[in-house]
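Notes follow once the structure below has been shown.
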Amino acid sequence: MNRWRTTWTLAVTVALLFTACSGGATAVPAAPSPTTGGPAAAATGGAPAPAATPSSQPLRIGWLSEPDTMNPLTTYSTEAVEVLQLVYDKLLDYDLNLKPEPELATGYAYSSDGKSITYQLRTGVLWQDGQPLTADDVAYTYNLIHDNNLGQYAQFLTDLTSVQTPDPSTVVLNFSAPQAFDPALVIPIVPKHIWSKMNAKAIESYANDTPIGSGPFKFVQWQKGASLTLARNGGWWGRPLPAPATVTWILYGNSDVMGQALRSGEVDIIPQVPPTVYDGLTGAPDIKTLALPSFSFHHIGFNVSTNPKSGGNPLLRQLAVRQALEYAVDRNQLVQLCLAGHGEPGDTIVPAGLTDWHLAIPASQQLNNDPAKAKQILDAAGYTVRDSSGVRQAPNGAKLEFRLIAIATTDEDVCAAHLFQNAAAAVGIKLDLQTLDTNTLGNTVYNSSAPNWDIFVWGWDSGTPDPSYMLGVPLCSQIGGNNDVYYCDKQYDALYNQQATTLDPVARKAITDQMQQMYYQNAAYLIMWYQDKLQAYRTDTWTNWTPVPGGLMFNFTRDNYLHIRPAH
Amino acid sequence: MAAVAIVDEQDRSSLAAVRANIGLAWADPIGRVGFFLLALTFLVALVGPVLFPFNPADVGATAASILQPPTAQHWLGTDELGRDVFRETISGSQISLLVGLLATAISMLAGTVVGLGAGYSRGPIGALMMRITDFFLVLPTLPLIIVLAAIIGQSLSVIILVIGLTSWASTARIVRSQVLSLRERVFIDRVRALGATDLRITVVHILPNVLPLIFANTVLVIAGSILSEATLAFLGLGDPVHVSWGTMLHYAFEVGAAGRGAWWYLLPPGIGIVVVVLGFTLIGYTLDRIVNPRLRNR
Amino acid sequence: MPRLRYLLTKLGQVLVTLLAVVTFNFYLFHVLPGDPIRLLARAGNLQPEDIARLRQLFGLDQSLPVQYLVYLRDLATGNLGMSLTYRQPVSDILAQRIVNTVELLTVATVLVVVIGIVAGVVAAARRGTRADAGTVIVSLFFWSLPTFWTGLMLIFILGVYFHAFPISGSGTPGVFYTSPIAQLEDFLPHLVLPSLTLVLVDIGQFVLITRSSLIDVLTEDFILTAKAKGLSARQVLWRHGVPNAMLPVVTTSALYVSLVVGGAIQVETVFSWPGMGRLIYDAVLRRDYPLIEASFLLFAVTVILVNFVSDLLYLWIDPRVRNA
């Protein structure tokens, strides 16, 4: 549900970070190293893998929903990305510290103007069908995505101008502007000799039922509605080979049953556990439960569109009304009841998991849990209760009554919606709740030509471990793209462009702090919580799990799959 | 044996017939158990919320209050929001009963009208109505209900409408076959010869004779409607705002009550459903035997 | 040739009913929601030109009657559309899932029919005794159980508490079976709880119908004749009573199918059984309309066909029709 939101982006502009300079460490991945167009810099990062020898033991993982397709270039589901990241390799990847590490590329270098990146490819890499992997495959993949605006990775290649392959082991990506975020970290490489047989139209509906990649695991079978299995790829270029002989994801219809399956040993790990089931598993024999910070939040969004065709209630455009709603809510209560305590109350748009960048609003300045203040604000703005309904009205009779929508199958959102209703009612605002399926809610909210809704409950996962991603959501230019509340503030946009070109981390943080403060005060989002990533795993089957912010699995790195060892 | 109260040509007081049937049902041991169960249910539904009101906004304070076992403070423990399950169950009885009764009202109305029409009209109209009835009889109920809920929406009124619209056919068929046999009776010819219109005949002369049968069928339809609402709510297609027993079980399933051993959340709503449905079923079964002469001697 | 005439009449009726169901389906999914393209477009990110293309493809720029004909043509060629969730032809998905439901329902139905009829016969034979009254009450009690709750209780008691049986799926996932026997050994324990749920909930109906039908038959004259001839009570019961009592039971079977389809949806959801019931439930949750539409049609057609088969059985065993 969350990564899916990144696909609504049409153009995420994270460019404009110039190279030139002091190797000051920034939190931006693939920070361009100082260069004069010279020798390739070896990608750093990644702790050396401990000796995991290939085993005959299977790894079994439980999940609650399945991939939509095995086509890595057209998928929109996090489950598909999770599976396919093991079947396909990328040029670079994230390690267990969420820093870039080499994968198909052993090194890379930026040109002096920062607009070109040259990658040195590993030699002797074979596709899982035995064919050799060369720079042609890389070029084919990047061109395919860019030329056809294909799938969720197209947003990272909007500035791509050309791809060169001077020799079979070298690839040069040329962009029209320097790229702060290196797309090599996310784009899987597909085999040209298989995919080029289809035209672009065919690829869009290509199911890719037996995916062939170059990664550490190869596809075995997918019994839809039941389980999906990969097996270790003995011909993988990486050493040591991963320990699990097979990786199987098993679909459960219900999280409780999934928890039972972990207890009974039917699965080894469940990487995304709902809070109440998680609590039920804590202390169970041979089971370890682990809560890790995530790069995600759930929020309430207010329709602040100034589009004359907008069907949103215009009263929400008043800051007083939105701030009153913020004060009405007790975020701590939301965390306690909807997440069973597994999370932090939310404030600013950069998730707390991004510890270097998150701005924590001091308690005294928080727009949180002060119903008296909320009532004060509403009184001052002229909204008072005039009849027995208890709902405040403006002098002209306009009632503070809004439509609230949430996704029916996201339990924590429905929980939050109910509590939000209660909180709003306590200060004299009426919210009419309707629960919808994911697609309907998405289409309702993102109907940018005429958004006909008032308030929604939803969530975001940050697409990259860099603040630019989330900060870039409320941009004016993102209306029609990621900007789900139709917020537009020229000053905010200017600051965004500024921070995107500021290399000095201290100076950059000053700007991003200011942006977070501004957006918080303008209360277009009510960020409810930063949820923990909850997982549970057996201690008697696999060991050497490395805790990483963002979770053991379903994270930017795949390295836990590669580092675990049998427990015996 | 027990006298069977069927309205004959002279006695048109069908309400008396219904009343007599109820008396007979009470006399039957199985029927009596049903009455007790229903009395219990209605007592809980009417008096319960007054004595033990449930406030959906009365949530727990911290995570520690979630899914707690019964204590002196919460007789049936708490749910996933820390709310009192005992009061929630009592409150749920109202929603479950309300939906069941209203849906049945729609169903009975539609079924009776169509059944009367199909039975009494000769010719193509009657045949068409019968065909439509048979068609709806053959459509599988639960798939139809969930499809309609998905397409039309999930508010309480939609649910009532949808359940009503999918359960009228069995009533229509029963009414129709009874009307068919009544139609041939001598006294109908006499009344028609006296100049009564078809409508008058149907409403004044035929309907009263069908009433006891309709009544027996209604009771069983109520049982079915309550089950349908519970199933719909359990599948997550119920009204998100009003908590019925089915909704409680939906959330119990979602938050892992079974794995947590939270029997206090799983048992009460389920037992509530069983008690109500069993009550109506027992009475309906008894009435069925009373009204249907072929089953008389059991 | 009353038999042949009966057969042909029934066949004609079935065809008309099938056409009616298909038309009803069209109404439900193409007319009622207003704009089916709006439904399809909900999957997200369809550009205006894609929407126009879809409109043309589905003939939605045509009038309603033409759309209906396009719809019929698609059905006749087996084109059930593309699932929005799986991006695969719906027919492929249905084919994978239907086997699992058939397995589950076959086992459950056989058990229900056999146990139900035997219990009904025993109860009828002991009419008036405590055992009989007990059977009736127990049957009515089981009839009143919500299917999904019964499944939850079985999970709770037999699965979680006693660890007696697996509580989800149709087999241990991700396992490769060495032989069909091995697969069966894994399959059977998984079958127990779901089929037990269905049996408990549906058995009451069969017990009661058999009982009342048999009691009816046992009061008929030819039974007295058989007894006078000196046949034992057991012979009278099983050789003369039961076969003649089966007619209403067969008729009820048709109604049972409609019920059991609803039961399958609930049981498959609760036990994560990968069949048609769970498929339509998941599809409804996600509003995957092409999948919902095809699943519903499949359920309806199945019920109609089973009714037809039971009508044929009626033809076979009804002495009046047989001997006319």
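Starting from 1 in every chain, residues are counted up; chains themselves are A, B, ... following the order of the structure tokens, and ligands are numbered from 1 as listed.
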
What residues in chain C have any atom no more than 9 Å from chain B when counting only C-alpha atoms, and can you write them as a PyMOL selection string? chain C and resi 17+20-21+28-29+32-33+127-128+133+137+140-150+152-153+155-156+160-161+212+215-216+254-255+257-259+261-263+265-266+269-270+277+280-281+284-285+287+292-293+295-296+299-301+303-304+307

Go ahead and write the residues just picked, C-alpha atoms, as a PDB file, in the first residue's frame.
```
ATOM      1  CA  THR C  17     -32.111 -19.481 -17.148  1.00  0.00           C
ATOM      2  CA  ALA C  20     -31.048 -14.817 -17.926  1.00  0.00           C
ATOM      3  CA  VAL C  21     -28.092 -15.161 -15.576  1.00  0.00           C
ATOM      4  CA  LEU C  28     -24.943  -5.955 -12.564  1.00  0.00           C
ATOM      5  CA  PHE C  29     -21.442  -5.157 -13.728  1.00  0.00           C
ATOM      6  CA  LEU C  32     -25.580  -0.709 -12.544  1.00  0.00           C
ATOM      7  CA  PRO C  33     -22.247   0.840 -11.592  1.00  0.00           C
ATOM      8  CA  ARG C 127     -40.018 -41.061  15.957  1.00  0.00           C
ATOM      9  CA  GLY C 128     -41.469 -39.761  19.162  1.00  0.00           C
ATOM     10  CA  ALA C 133     -36.419 -34.969  19.687  1.00  0.00           C
ATOM     11  CA  ILE C 137     -33.005 -29.922  18.309  1.00  0.00           C
ATOM     12  CA  LEU C 140     -31.770 -27.009  14.316  1.00  0.00           C
ATOM     13  CA  PHE C 141     -28.945 -25.856  16.535  1.00  0.00           C
ATOM     14  CA  PHE C 142     -26.309 -26.636  13.935  1.00  0.00           C
ATOM     15  CA  TRP C 143     -28.463 -25.021  11.287  1.00  0.00           C
ATOM     16  CA  SER C 144     -28.374 -21.792  13.292  1.00  0.00           C
ATOM     17  CA  LEU C 145     -24.606 -21.645  13.496  1.00  0.00           C
ATOM     18  CA  PRO C 146     -22.924 -18.981  11.395  1.00  0.00           C
ATOM     19  CA  THR C 147     -20.493 -20.816   9.147  1.00  0.00           C
ATOM     20  CA  PHE C 148     -17.624 -18.408   9.677  1.00  0.00           C
ATOM     21  CA  TRP C 149     -17.966 -18.474  13.444  1.00  0.00           C
ATOM     22  CA  THR C 150     -17.989 -22.250  13.481  1.00  0.00           C
ATOM     23  CA  LEU C 152     -13.256 -19.673  13.987  1.00  0.00           C
ATOM     24  CA  MET C 153     -14.265 -21.874  16.903  1.00  0.00           C
ATOM     25  CA  ILE C 155      -9.523 -22.991  14.658  1.00  0.00           C
ATOM     26  CA  PHE C 156      -9.520 -21.872  18.219  1.00  0.00           C
ATOM     27  CA  VAL C 160      -4.709 -23.349  18.433  1.00  0.00           C
ATOM     28  CA  TYR C 161      -5.553 -25.046  21.692  1.00  0.00           C
ATOM     29  CA  SER C 212     -39.773 -35.606   7.718  1.00  0.00           C
ATOM     30  CA  ILE C 215     -42.015 -40.127   8.382  1.00  0.00           C
ATOM     31  CA  ASP C 216     -44.378 -39.173   5.587  1.00  0.00           C
ATOM     32  CA  ALA C 254     -30.423 -28.214  -5.268  1.00  0.00           C
ATOM     33  CA  LEU C 255     -31.082 -25.658  -2.555  1.00  0.00           C
ATOM     34  CA  VAL C 257     -25.781 -26.101  -3.474  1.00  0.00           C
ATOM     35  CA  SER C 258     -26.745 -22.475  -3.226  1.00  0.00           C
ATOM     36  CA  LEU C 259     -26.123 -22.604   0.504  1.00  0.00           C
ATOM     37  CA  VAL C 261     -21.518 -21.921  -2.223  1.00  0.00           C
ATOM     38  CA  GLY C 262     -22.022 -19.296   0.450  1.00  0.00           C
ATOM     39  CA  GLY C 263     -20.501 -21.647   2.974  1.00  0.00           C
ATOM     40  CA  ILE C 265     -16.819 -18.453   0.624  1.00  0.00           C
ATOM     41  CA  GLN C 266     -16.820 -18.212   4.405  1.00  0.00           C
ATOM     42  CA  THR C 269     -11.774 -17.111   3.873  1.00  0.00           C
ATOM     43  CA  VAL C 270     -11.402 -18.284   7.439  1.00  0.00           C
ATOM     44  CA  GLY C 277     -14.682 -18.727  -2.509  1.00  0.00           C
ATOM     45  CA  ILE C 280     -14.276 -13.866  -4.970  1.00  0.00           C
ATOM     46  CA  TYR C 281     -13.769 -12.540  -1.454  1.00  0.00           C
ATOM     47  CA  VAL C 284     -14.385  -7.973  -3.740  1.00  0.00           C
ATOM     48  CA  LEU C 285     -12.000  -6.523  -1.170  1.00  0.00           C
ATOM     49  CA  ARG C 287     -12.792  -4.265  -6.246  1.00  0.00           C
ATOM     50  CA  ILE C 292     -15.664 -10.533  -9.370  1.00  0.00           C
ATOM     51  CA  GLU C 293     -17.863 -10.661 -12.430  1.00  0.00           C
ATOM     52  CA  SER C 295     -16.467 -15.561 -10.298  1.00  0.00           C
ATOM     53  CA  PHE C 296     -20.076 -14.630  -9.699  1.00  0.00           C
ATOM     54  CA  PHE C 299     -21.077 -19.624  -9.073  1.00  0.00           C
ATOM     55  CA  ALA C 300     -24.457 -18.873 -10.584  1.00  0.00           C
ATOM     56  CA  VAL C 301     -23.941 -21.184 -13.533  1.00  0.00           C
ATOM     57  CA  VAL C 303     -25.889 -23.704  -9.089  1.00  0.00           C
ATOM     58  CA  ILE C 304     -28.109 -23.718 -12.161  1.00  0.00           C
ATOM     59  CA  ASN C 307     -30.257 -27.880 -10.187  1.00  0.00           C
TER      60      ASN C 307
END
```

Quick one: which chain A residues come within 10 Å of chain B, and what is the nearest atom pair for each with the distance in Å to one decimal, counting only C-alpha atoms, rows ordered by chain and ascending number, as a tab-separated table?
```
residue	atom	partner	partner_atom	distance
A:Gly253	CA	B:Glu254	CA	9.9
A:Asn254	CA	B:Glu254	CA	6.8
A:Ser255	CA	B:Gly256	CA	6.7
A:Asp256	CA	B:Gly256	CA	4.3
A:Val257	CA	B:Gly259	CA	7.4
A:Met258	CA	B:Gly256	CA	9.5
A:Gly259	CA	B:Gly259	CA	7.3
A:Gln260	CA	B:Gly259	CA	6.6
A:Arg263	CA	B:Gly259	CA	9.9
A:Pro274	CA	B:Val255	CA	7.7
A:Pro275	CA	B:Val255	CA	8.3
A:Thr276	CA	B:Val255	CA	5.9
A:Val277	CA	B:Gly256	CA	5.7
A:Tyr278	CA	B:Gly256	CA	9.5
A:Asp279	CA	B:Arg260	CA	8.6
A:Gly280	CA	B:Arg260	CA	5.5
A:Leu281	CA	B:Arg260	CA	8.5
A:Asn332	CA	B:Thr62	CA	8.7
A:Gln333	CA	B:Ala61	CA	6.8
A:Leu334	CA	B:Thr62	CA	9.3
A:Val335	CA	B:Ala63	CA	8.2
A:Gln336	CA	B:Ala63	CA	4.6
A:Leu337	CA	B:Ala63	CA	5.5
A:Cys338	CA	B:Leu81	CA	7.5
A:Leu339	CA	B:Ala63	CA	7.9
A:Ala340	CA	B:Ala63	CA	4.6
A:Gly341	CA	B:Ala63	CA	5.5
A:His342	CA	B:Ala63	CA	8.9
A:Ala408	CA	B:Gly236	CA	7.9
A:Thr409	CA	B:Gly236	CA	8.2
A:Asp411	CA	B:Glu254	CA	8.0
A:Val414	CA	B:Pro240	CA	8.7
A:Cys415	CA	B:Leu81	CA	8.0
A:His418	CA	B:Ala57	CA	8.1
A:Leu419	CA	B:Ala57	CA	7.3
A:Gln421	CA	B:Ala57	CA	8.8
A:Asn422	CA	B:Ala57	CA	5.9
A:Ala423	CA	B:Ala57	CA	8.8
A:Ala425	CA	B:Ala57	CA	10.0
A:Asp432	CA	B:Val241	CA	9.4
A:Leu433	CA	B:Val241	CA	7.5
A:Gln434	CA	B:Pro240	CA	7.4
A:Thr435	CA	B:Pro240	CA	7.0
A:Leu436	CA	B:Gln154	CA	9.1
A:Asp437	CA	B:Ala150	CA	9.7
```

Would you mind exporting the chosen residues as a tab-separated table (two decimals), in the first residue's frame, restricted to N, CA and C atoms?
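Dumped to result12.tsv:
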```tsv
chain	number	residue	atom	x	y	z
A	253	GLY	N	-4.05	-15.70	4.59
A	253	GLY	CA	-5.21	-14.83	4.42
A	253	GLY	C	-5.41	-13.93	5.61
A	254	ASN	N	-4.72	-14.23	6.69
A	254	ASN	CA	-5.03	-13.54	7.92
A	254	ASN	C	-3.77	-13.48	8.78
A	255	SER	N	-3.54	-12.34	9.44
A	255	SER	CA	-2.28	-12.20	10.17
A	255	SER	C	-2.21	-13.09	11.39
A	256	ASP	N	-3.36	-13.38	11.95
A	256	ASP	CA	-3.38	-14.26	13.11
A	256	ASP	C	-2.89	-15.65	12.72
A	257	VAL	N	-3.45	-16.15	11.62
A	257	VAL	CA	-3.04	-17.47	11.13
A	257	VAL	C	-1.55	-17.47	10.80
A	258	MET	N	-1.06	-16.35	10.27
A	258	MET	CA	0.36	-16.24	9.95
A	258	MET	C	1.19	-16.33	11.23
A	259	GLY	N	0.72	-15.68	12.29
A	259	GLY	CA	1.42	-15.78	13.57
A	259	GLY	C	1.43	-17.21	14.09
A	260	GLN	N	0.31	-17.90	13.92
A	260	GLN	CA	0.25	-19.31	14.31
A	260	GLN	C	1.25	-20.13	13.53
A	263	ARG	N	4.60	-19.81	15.00
A	263	ARG	CA	4.69	-20.59	16.24
A	263	ARG	C	4.88	-22.07	15.95
A	274	PRO	N	1.30	-7.21	12.09
A	274	PRO	CA	0.47	-6.19	12.70
A	274	PRO	C	0.69	-6.14	14.21
A	275	PRO	N	0.45	-4.99	14.82
A	275	PRO	CA	0.83	-4.78	16.22
A	275	PRO	C	0.24	-5.78	17.22
A	276	THR	N	-1.06	-6.09	17.10
A	276	THR	CA	-1.63	-6.98	18.13
A	276	THR	C	-1.10	-8.40	17.98
A	277	VAL	N	-0.90	-8.83	16.77
A	277	VAL	CA	-0.34	-10.18	16.58
A	277	VAL	C	1.10	-10.20	17.08
A	278	TYR	N	1.82	-9.11	16.83
A	278	TYR	CA	3.20	-8.98	17.31
A	278	TYR	C	3.27	-9.14	18.82
A	279	ASP	N	2.36	-8.46	19.51
A	279	ASP	CA	2.37	-8.57	20.96
A	279	ASP	C	2.06	-9.99	21.41
A	280	GLY	N	1.20	-10.65	20.66
A	280	GLY	CA	0.89	-12.04	21.01
A	280	GLY	C	2.08	-12.96	20.84
A	281	LEU	N	3.01	-12.58	19.95
A	281	LEU	CA	4.17	-13.43	19.70
A	281	LEU	C	5.33	-13.14	20.64
A	332	ASN	N	-0.45	10.56	20.73
A	332	ASN	CA	0.02	9.49	21.59
A	332	ASN	C	-1.05	8.42	21.76
A	333	GLN	N	-2.29	8.88	21.86
A	333	GLN	CA	-3.38	7.92	21.98
A	333	GLN	C	-3.48	7.08	20.70
A	334	LEU	N	-3.29	7.72	19.57
A	334	LEU	CA	-3.34	6.98	18.30
A	334	LEU	C	-2.27	5.89	18.28
A	335	VAL	N	-1.06	6.25	18.70
A	335	VAL	CA	0.02	5.26	18.72
A	335	VAL	C	-0.32	4.13	19.68
A	336	GLN	N	-0.84	4.48	20.84
A	336	GLN	CA	-1.15	3.46	21.85
A	336	GLN	C	-2.22	2.50	21.35
A	337	LEU	N	-3.27	3.04	20.76
A	337	LEU	CA	-4.41	2.19	20.44
A	337	LEU	C	-4.36	1.59	19.04
A	338	CYS	N	-3.83	2.34	18.08
A	338	CYS	CA	-3.85	1.81	16.72
A	338	CYS	C	-2.58	1.02	16.38
A	339	LEU	N	-1.51	1.32	17.06
A	339	LEU	CA	-0.26	0.60	16.83
A	339	LEU	C	0.14	-0.22	18.04
A	340	ALA	N	-0.74	-0.30	19.02
A	340	ALA	CA	-0.42	-0.99	20.28
A	340	ALA	C	0.90	-0.47	20.83
A	341	GLY	N	1.16	0.80	20.65
A	341	GLY	CA	2.36	1.39	21.23
A	341	GLY	C	3.61	1.25	20.39
A	342	HIS	N	3.52	0.59	19.25
A	342	HIS	CA	4.73	0.35	18.45
A	342	HIS	C	4.95	1.44	17.43
A	408	ALA	N	-10.40	0.63	3.78
A	408	ALA	CA	-11.11	-0.31	4.66
A	408	ALA	C	-10.22	-1.42	5.17
A	409	THR	N	-9.26	-1.87	4.36
A	409	THR	CA	-8.46	-3.02	4.75
A	409	THR	C	-7.21	-2.64	5.54
A	411	ASP	N	-6.17	-1.69	8.80
A	411	ASP	CA	-6.81	-1.61	10.12
A	411	ASP	C	-6.37	-0.40	10.93
A	414	VAL	N	-8.21	2.70	9.79
A	414	VAL	CA	-9.61	2.73	10.21
A	414	VAL	C	-9.68	3.06	11.69
A	415	CYS	N	-8.78	2.47	12.46
A	415	CYS	CA	-8.71	2.78	13.90
A	415	CYS	C	-8.49	4.28	14.09
A	418	HIS	N	-11.55	6.41	13.29
A	418	HIS	CA	-12.56	6.42	14.35
A	418	HIS	C	-12.14	7.35	15.50
A	419	LEU	N	-10.88	7.24	15.90
A	419	LEU	CA	-10.42	8.08	17.01
A	419	LEU	C	-10.41	9.55	16.60
A	421	GLN	N	-12.46	10.89	14.47
A	421	GLN	CA	-13.87	11.30	14.52
A	421	GLN	C	-14.25	11.73	15.93
A	422	ASN	N	-13.88	10.89	16.90
A	422	ASN	CA	-14.21	11.20	18.29
A	422	ASN	C	-13.57	12.51	18.72
A	423	ALA	N	-12.28	12.66	18.37
A	423	ALA	CA	-11.55	13.85	18.78
A	423	ALA	C	-12.17	15.10	18.17
A	425	ALA	N	-15.25	15.46	17.12
A	425	ALA	CA	-16.57	15.70	17.70
A	425	ALA	C	-16.44	16.42	19.04
A	432	ASP	N	-17.76	12.66	8.68
A	432	ASP	CA	-18.52	11.53	8.18
A	432	ASP	C	-17.57	10.54	7.54
A	433	LEU	N	-17.46	9.38	8.15
A	433	LEU	CA	-16.46	8.42	7.72
A	433	LEU	C	-17.00	7.47	6.67
A	434	GLN	N	-16.21	7.26	5.63
A	434	GLN	CA	-16.51	6.22	4.65
A	434	GLN	C	-15.23	5.44	4.38
A	435	THR	N	-15.34	4.10	4.40
A	435	THR	CA	-14.14	3.33	4.10
A	435	THR	C	-14.22	2.82	2.67
A	436	LEU	N	-13.10	2.87	1.98
A	436	LEU	CA	-13.05	2.50	0.56
A	436	LEU	C	-11.94	1.49	0.34
A	437	ASP	N	-11.96	0.87	-0.85
A	437	ASP	CA	-10.84	0.02	-1.20
A	437	ASP	C	-9.70	0.91	-1.68
```

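Secondary structure by DSSP on the backbone puts the following residues of stretch 29-78 of chain B in helix (DSSP H, G or I): Pro29, Ile30, Gly31, Arg32, Val33, Gly34, Phe35, Phe36, Leu37, Leu38, Ala39, Leu40, Thr41, Phe42, Leu43, Val44, Ala45, Leu46, Val47, Gly48, Pro49, Val50, Leu51, Ala63, Ala64 and Ser65 of chain B.
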
Take the selection from the previous step and output its residues with C-alpha atoms, as a short mmCIF file (atom, residue, chain, number, x, y, z; two decimals), in the first residue's frame.
```cif
data_model
loop_
_atom_site.label_atom_id
_atom_site.label_comp_id
_atom_site.auth_asym_id
_atom_site.auth_seq_id
_atom_site.Cartn_x
_atom_site.Cartn_y
_atom_site.Cartn_z
CA PRO B 29 -41.80 -27.90 23.65
CA ILE B 30 -39.46 -26.98 20.83
CA GLY B 31 -41.39 -23.82 20.18
CA ARG B 32 -41.31 -22.90 23.82
CA VAL B 33 -37.54 -23.07 23.93
CA GLY B 34 -37.53 -20.75 20.94
CA PHE B 35 -39.78 -18.27 22.72
CA PHE B 36 -37.51 -18.23 25.72
CA LEU B 37 -34.47 -17.58 23.59
CA LEU B 38 -36.23 -14.75 21.81
CA ALA B 39 -37.46 -13.28 25.06
CA LEU B 40 -33.91 -13.30 26.33
CA THR B 41 -32.67 -11.64 23.17
CA PHE B 42 -35.27 -8.90 23.13
CA LEU B 43 -34.74 -8.29 26.80
CA VAL B 44 -31.05 -7.78 26.19
CA ALA B 45 -31.62 -5.66 23.10
CA LEU B 46 -34.23 -3.39 24.66
CA VAL B 47 -33.18 -3.13 28.28
CA GLY B 48 -29.50 -3.86 28.00
CA PRO B 49 -28.39 -0.64 26.32
CA VAL B 50 -30.31 1.35 28.92
CA LEU B 51 -28.68 -0.39 31.86
CA ALA B 63 -1.73 -0.14 24.61
CA ALA B 64 -1.92 -2.17 27.81
CA SER B 65 -5.70 -1.91 27.75
#
```

Counting only C-alpha atoms, which residues of chain C sit at most 10 Å from some atom of chain A, and what is each one's closest atom pair with its distance in Å to one decimal, listed by chain and rising residue number, as a tab-separated table?
```
residue	atom	partner	partner_atom	distance
C:Arg38	CA	A:Asn443	CA	9.9
C:Leu39	CA	A:Thr440	CA	8.6
C:Leu40	CA	A:Asn439	CA	10.0
C:Ala41	CA	A:Asn443	CA	8.5
C:Arg42	CA	A:Asn439	CA	5.5
C:Ala43	CA	A:Asn439	CA	5.7
C:Gly44	CA	A:Asn443	CA	6.7
C:Asn45	CA	A:Trp8	CA	7.4
C:Ser83	CA	A:Asp68	CA	10.0
C:Leu84	CA	A:Asp68	CA	8.9
C:Thr85	CA	A:Asp68	CA	6.0
C:Tyr86	CA	A:Asp68	CA	4.8
C:Arg87	CA	A:Asp68	CA	6.8
C:Gln88	CA	A:Ala207	CA	7.5
C:Ile93	CA	A:Lys224	CA	8.1
C:Gln96	CA	A:Lys224	CA	8.1
C:Arg97	CA	A:Gly225	CA	8.3
C:Ile155	CA	A:Val257	CA	9.2
C:Gly159	CA	A:Gln260	CA	9.2
C:Val160	CA	A:Gln260	CA	7.6
C:His163	CA	A:Ser264	CA	8.8
C:Pro166	CA	A:Ala261	CA	9.0
C:Ile167	CA	A:Val257	CA	7.2
C:Ser168	CA	A:Val257	CA	6.9
C:Gly169	CA	A:Ala226	CA	7.5
C:Ser170	CA	A:Ala226	CA	8.7
C:Gly171	CA	A:Ala226	CA	9.2
C:Thr172	CA	A:Glu266	CA	7.5
C:Pro173	CA	A:Ile250	CA	6.3
C:Gly174	CA	A:Thr248	CA	5.8
C:Val175	CA	A:Thr248	CA	9.1
C:Glu268	CA	A:Gly253	CA	9.3
C:Thr269	CA	A:Gly253	CA	7.0
C:Val270	CA	A:Gly253	CA	7.7
C:Phe271	CA	A:Gly253	CA	7.7
C:Ser272	CA	A:Gly253	CA	5.0
C:Trp273	CA	A:Gly253	CA	8.5
C:Pro274	CA	A:Gly225	CA	5.8
C:Gly275	CA	A:Gly225	CA	8.5
C:Arg278	CA	A:Gly253	CA	8.8
C:Leu279	CA	A:Gly225	CA	8.4
C:Asp282	CA	A:Gly253	CA	9.1
C:Val284	CA	A:Asp437	CA	9.1
C:Leu285	CA	A:Asp437	CA	6.6
C:Arg286	CA	A:Asp437	CA	5.9
C:Arg287	CA	A:Asp437	CA	6.9
C:Asp288	CA	A:Asn439	CA	9.4
```

Skip stretch 102-115 of chain B itself and residues of its chain fewer than 4 positions away, then list as a count of residues only all residues within 8 Å of it, counting only C-alpha atoms. 28

Set the distance at 8 Å and use only C-alpha atoms: which residues neighbour A:Asp137 once local chain neighbours fewer than 4 positions away are removed? I'd like the list as a ChimeraX atom specification. /A:133,141,189-192

Between atom CA of B:Gly92 and atom CA of A:Ser388, distance in Å (one decimal): 26.4 Å
